[in-house]
Amino acid sequence: MKALQDHDPSIAKPIDIVDTLVEALKEERKTGRFPREKFGKKDEPSTFKIGIVGGGISGLYTAFILKHLGIDYEILEANADRMGGRIYTHHFSEKAHDYYDIGAMRFPNSPIMARTFDLFRLLKMGEPGKPRDSETVLIPYYMTGRNCPTRYNDITALTQTEDDPFKVSTANGGTVPATRVSHKVTAEILDDAYDLARIMAATEARQRAYEYLMRHDKFSLRDYLQNVEGYDPETVHWLETTDSASGWYDMAFTENVLESLAFAYNDASNQNKEEKPTKWWCIDGGTSVMIKRLLEKLDQDKIFRGKVVNKMVLDGVGEDKKLPPHKVVVTTSNYHTHAEETHTYSAVINTTTLGALQKMDLTGMELPYGMKTAIRVLRYDTSTKVGIRFKTMWWKNPGFDIVLGGVAKTDLPIRVCVYPSYNIHDSGPGVLLASYTWGQDSERIAAHVSTNSPHDDKGLKELMIYNLARLHTLNARFVENRRVIAENWDTHHAWDWSKDEFSAGAFALFAPGQFSTLIPHLLRPASDGRFVVVGEHASANHAWIVGALDSAVRGLKQILTRFNMEAELGRMIEVFGDVDELKQEQVAKQVIISMLTEEQMARLRLGRPIQAVAQVMQT
Ligand SMILES: Cc1cc2nc3c(=O)[nH]c(=O)nc-3n(C[C@H](O)[C@H](O)[C@H](O)COP(=O)(O)OP(=O)(O)OC[C@H]3O[C@@H](n4cnc5c(N)ncnc54)[C@H](O)[C@@H]3O)c2cc1C
């Protein structure tokens, strides 16, 4: 982090636009030109209802908070078969542990994940370090395990004590500079690049680190390591190979720094007998248990399944534009029959992925251009998982000895193999997450995965057996391993998130420049302050449940502020905690801007909403 230490930031003077806005609004009202409802006017409580589009974790958590606050809500979920979205456990059968998690599956107990663990506690799922009871389902997740192989450059190794176990350095005929090949050195390079995360975690330096991050947001991680830190391309290729998915380093440097925040552990608070300290946790029975527990807390008559939202209109933006908008009218299409119906809400919280949101007719929502661009452009990654049920858990047998979960990594197509932590005490049949891939690696595996898996998964079984046999070959036993793995194969199931009709992608993974230029437009309320975008993508913690949860609180802050529900806002923060990514002052400014039309902004000489929002986000 030399570059940061050397830098003396001149933080731009914040531009306070709120007074100007309020004065201008008063003038507009006097002249009768302000067509919007007066800021702060609360709708009649008897008719106030919030529509939540999407029943994934952010939608359900939003409903959970609203119920606690005594505010009416409805959830419209497109999927007719299940709730939970990207929390999805596939059960091969009803038997215990006969499953794998297609979506979220593991949780580091780091400070950034606090809200996830708070929710586990609220749902009585358990607490790290606390005694278990009959309702506890939180169990340790073993990230490192024991005897998990690593295989690169056709060499399988169990430990990486040698400097160049995979013979990739120039000294051994490879391409990586000999001084940069060891596991220790690569870890140090990444630690150094991600030091910003630690700096950001320390409150007093956060603003400075944020400034630095935004100035370097134009870089991909690859550009940053090569052009700012000065590493050669071969070292960076090697880092990416051992650390992540193929091509992952072409995504924003910012994304990678924020991702590394998730791993800033809070070791002292998290001690466990079996592995000290236990840093990771998972849910016995699968992460969908969380969805089941949340659903039990909600009003069943307010949850509508199989309702595909295909249109939203800000009422009043119709024939007669002079009418003040009082509601958002949402049209749904029945997933099976395509029968349409409308639902009317005071405000809508959209929690679908941006891919799903973009497909809705939002013409009547007066969305600002910046938001429309963000919805279309912000980048998602894809991910594929292959779960295999074997007749016996061969990986625990002598010769393999993988008895304490963990993860194997390789440059073979399967890339990452996860030995589940929930079946380490079982014997007999068992499930292996044989392959967990992202990005380009995922696309290549997904070419063998049908939407009707395990049926029609052409060539997948052969590919998995070959890869697993190679990965686990420490000696000349490849043929024998292949026989053992093939003979033990029982059945499999695979999922490619890019083909999921409800998500159209796995998780947000922003490209260079997208955090600094597009996210402000996504995080603002729109449509007279009656529409907010919530979900994993609308947070600083992409690809984590905590991002989805944090975004729900941010969205509710905006809606409660819009309707002047101060008491409810206070209660929410008291019980569920605040989010520090958006201060209340910023929220108020955003809300005012969201109540103006683009024409008003121009007439008031406040600049286009795009500039005004950018100013608000900077203050
Ligand atoms: C492969 C993978 C691994 C992951 N691993 C982890 C992990 O280990 N730990 C962790 O914390 N997080 C993990 N995550 C991230 C986590 O799963 C997500 O961040 C979180 O579940 C997203 O929740 P959400 O509510 O934002 O979106 P979603 O879960 O996608 O919910 C959106 C909902 O909207 C619905 N919908 C879509 N279109 C419409 C429409 N037109 N009308 C109505 N409803 C609609 C969808 O069906 C869905 O139910 C992982 C994600 C993936 C994909």
# chains A, B, ... in the order shown; residues from 1 in each chain; ligands from 1

call {"tool": "closest_atom_pairs", "arguments": {"of": "chain A", "to": "ligand 1", "cutoff": "7 Å", "atoms": "only C-alpha atoms and all ligand atoms", "output": "Markdown table"}}
result
| residue | atom | partner | partner_atom_place_in_ligand_line | distance |
| --- | --- | --- | --- | --- |
| A:Val53 | CA | ligand 1 | 43 (C) | 5.1 |
| A:Gly54 | CA | ligand 1 | 34 (O) | 3.3 |
| A:Gly55 | CA | ligand 1 | 49 (O) | 4.4 |
| A:Gly56 | CA | ligand 1 | 31 (O) | 3.3 |
| A:Ile57 | CA | ligand 1 | 25 (O) | 4.1 |
| A:Ser58 | CA | ligand 1 | 25 (O) | 3.7 |
| A:Gly59 | CA | ligand 1 | 25 (O) | 5.6 |
| A:Leu76 | CA | ligand 1 | 43 (C) | 5.3 |
| A:Glu77 | CA | ligand 1 | 44 (N) | 3.9 |
| A:Ala78 | CA | ligand 1 | 44 (N) | 3.9 |
| A:Asn79 | CA | ligand 1 | 47 (O) | 5.0 |
| A:Met83 | CA | ligand 1 | 49 (O) | 5.5 |
| A:Gly84 | CA | ligand 1 | 49 (O) | 5.1 |
| A:Gly85 | CA | ligand 1 | 49 (O) | 3.3 |
| A:Arg86 | CA | ligand 1 | 29 (O) | 3.8 |
| A:Ile87 | CA | ligand 1 | 21 (O) | 4.9 |
| A:Ile102 | CA | ligand 1 | 1 (C) | 6.0 |
| A:Gly103 | CA | ligand 1 | 2 (C) | 3.9 |
| A:Ala104 | CA | ligand 1 | 6 (C) | 3.2 |
| A:Met105 | CA | ligand 1 | 8 (O) | 4.0 |
| A:Arg106 | CA | ligand 1 | 8 (O) | 3.9 |
| A:Phe107 | CA | ligand 1 | 9 (N) | 5.2 |
| A:Lys307 | CA | ligand 1 | 43 (C) | 5.9 |
| A:Val308 | CA | ligand 1 | 42 (N) | 3.9 |
| A:Val309 | CA | ligand 1 | 42 (N) | 3.8 |
| A:Asn310 | CA | ligand 1 | 41 (N) | 5.7 |
| A:Thr351 | CA | ligand 1 | 32 (C) | 5.4 |
| A:Thr352 | CA | ligand 1 | 34 (O) | 3.9 |
| A:Thr353 | CA | ligand 1 | 30 (O) | 5.6 |
| A:Ala356 | CA | ligand 1 | 38 (N) | 4.7 |
| A:Leu357 | CA | ligand 1 | 41 (N) | 6.6 |
| A:Met360 | CA | ligand 1 | 41 (N) | 6.7 |
| A:Ser383 | CA | ligand 1 | 1 (C) | 5.3 |
| A:Thr384 | CA | ligand 1 | 1 (C) | 6.6 |
| A:Lys385 | CA | ligand 1 | 1 (C) | 6.9 |
| A:Trp497 | CA | ligand 1 | 53 (C) | 6.4 |
| A:Phe502 | CA | ligand 1 | 37 (C) | 4.3 |
| A:Ser503 | CA | ligand 1 | 30 (O) | 5.5 |
| A:Ala506 | CA | ligand 1 | 53 (C) | 4.0 |
| A:Phe507 | CA | ligand 1 | 53 (C) | 5.6 |
| A:Val534 | CA | ligand 1 | 26 (O) | 6.9 |
| A:Gly535 | CA | ligand 1 | 26 (O) | 3.3 |
| A:Glu536 | CA | ligand 1 | 26 (O) | 3.9 |
| A:His537 | CA | ligand 1 | 26 (O) | 6.7 |
| A:His542 | CA | ligand 1 | 19 (O) | 6.2 |
| A:Ala543 | CA | ligand 1 | 15 (C) | 3.9 |
| A:Trp544 | CA | ligand 1 | 12 (N) | 3.3 |
| A:Ile545 | CA | ligand 1 | 11 (O) | 3.8 |
| A:Val546 | CA | ligand 1 | 11 (O) | 5.9 |
| A:Gly547 | CA | ligand 1 | 19 (O) | 6.2 |
| A:Ala548 | CA | ligand 1 | 26 (O) | 4.5 |

call {"tool": "residues_around", "arguments": {"residues": "A:Ala178", "least_positions_apart": "3", "cutoff": "9 Å", "atoms": "only C-alpha atoms", "output": "number ranges by chain"}}
result
A: 163-164, 168-172, 175, 181-182

call {"tool": "residues_around", "arguments": {"residues": "A:Asn452", "least_positions_apart": "4", "cutoff": "12 Å", "atoms": "only C-alpha atoms", "output": "list in words"}}
result
His448, Asp456, Asp457, Lys458, His492, His493, Ala494, Trp495, Asp496, Lys499 and Asp500 of chain A

call {"tool": "write_last_selection", "arguments": {"atoms": "N, CA and C atoms", "output": "short mmCIF file (atom, residue, chain, number, x, y, z; two decimals), in the first residue's frame"}}
result
data_model
loop_
_atom_site.label_atom_id
_atom_site.label_comp_id
_atom_site.auth_asym_id
_atom_site.auth_seq_id
_atom_site.Cartn_x
_atom_site.Cartn_y
_atom_site.Cartn_z
N HIS A 448 -21.84 -28.30 -20.33
CA HIS A 448 -22.28 -29.69 -20.15
C HIS A 448 -23.48 -29.80 -19.21
N ASP A 456 -29.79 -35.06 -19.50
CA ASP A 456 -29.25 -34.29 -20.64
C ASP A 456 -27.93 -33.56 -20.32
N ASP A 457 -27.27 -33.90 -19.22
CA ASP A 457 -25.96 -33.28 -18.94
C ASP A 457 -24.89 -34.03 -19.72
N LYS A 458 -24.77 -33.70 -20.98
CA LYS A 458 -23.91 -34.50 -21.87
C LYS A 458 -22.43 -34.35 -21.53
N HIS A 492 -26.01 -37.34 -9.76
CA HIS A 492 -25.48 -35.98 -9.62
C HIS A 492 -26.58 -34.97 -9.91
N HIS A 493 -26.25 -33.71 -9.65
CA HIS A 493 -27.12 -32.59 -10.01
C HIS A 493 -26.22 -31.39 -10.24
N ALA A 494 -26.50 -30.61 -11.27
CA ALA A 494 -25.65 -29.44 -11.55
C ALA A 494 -26.53 -28.23 -11.84
N TRP A 495 -25.98 -27.06 -11.59
CA TRP A 495 -26.75 -25.82 -11.78
C TRP A 495 -25.86 -24.73 -12.35
N ASP A 496 -26.34 -24.14 -13.43
CA ASP A 496 -25.63 -23.02 -14.06
C ASP A 496 -26.48 -21.77 -13.83
N LYS A 499 -28.19 -19.68 -16.57
CA LYS A 499 -29.41 -20.18 -17.24
C LYS A 499 -30.62 -20.13 -16.31
N ASP A 500 -30.43 -19.61 -15.11
CA ASP A 500 -31.56 -19.52 -14.17
C ASP A 500 -32.49 -18.40 -14.66
#

call {"tool": "closest_residue", "arguments": {"among": "A:Asn109, A:Ser260, A:Ser516, A:Gln590", "to": "A:Asp191", "atoms": "only C-alpha atoms"}}
result
A:Ser260

call {"tool": "atom_distance", "arguments": {"atom1": "atom CA of A:Leu432", "atom2": "atom CA of A:Val386"}}
result
8.5 Å

call {"tool": "closest_residue", "arguments": {"among": "A:Tyr335, A:Phe563, A:Tyr194, A:Phe531", "to": "A:Leu261", "atoms": "only C-alpha atoms"}}
result
A:Tyr194

call {"tool": "residues_around", "arguments": {"residues": "A:Pro420", "least_positions_apart": "4", "cutoff": "12 Å", "atoms": "only C-alpha atoms", "output": "ChimeraX atom specification"}}
result
/A:97-101,105-106,139-145,148,281-286,387-389,393,395-396,402-408,424-426,430-435

call {"tool": "residues_around", "arguments": {"residues": "A:Ala567", "least_positions_apart": "4", "cutoff": "12 Å", "atoms": "only C-alpha atoms", "output": "number ranges by chain"}}
result
A: 69-71, 557, 560-561, 563, 571-574

call {"tool": "atom_distance", "arguments": {"atom1": "atom CA of A:Leu213", "atom2": "atom CA of A:Pro111"}}
result
20.2 Å

call {"tool": "select_by_dssp", "arguments": {"residues": "stretch 280-523 of chain A", "states": "strand (DSSP E)", "output": "PyMOL selection string"}}
result
chain A and resi 280-283+303-304+307-314+328-334+340-345+347-350+361-364+380-381+383-390+406-410+416-419+430-438+489-496+507-508

call {"tool": "select_by_dssp", "arguments": {"residues": "stretch 167-249 of chain A", "states": "alpha helix (DSSP H)", "output": "ChimeraX atom specification"}}
result
/A:183-193,195-201,203-215,221-223,233-243

call {"tool": "atom_distance", "arguments": {"atom1": "atom CA of A:Arg477", "atom2": "atom CA of A:Ser246"}}
result
28.4 Å

call {"tool": "closest_residue", "arguments": {"among": "A:Asn488, A:Asn256, A:Gln207, A:Thr242", "to": "A:Arg222", "atoms": "only C-alpha atoms"}}
result
A:Asn256
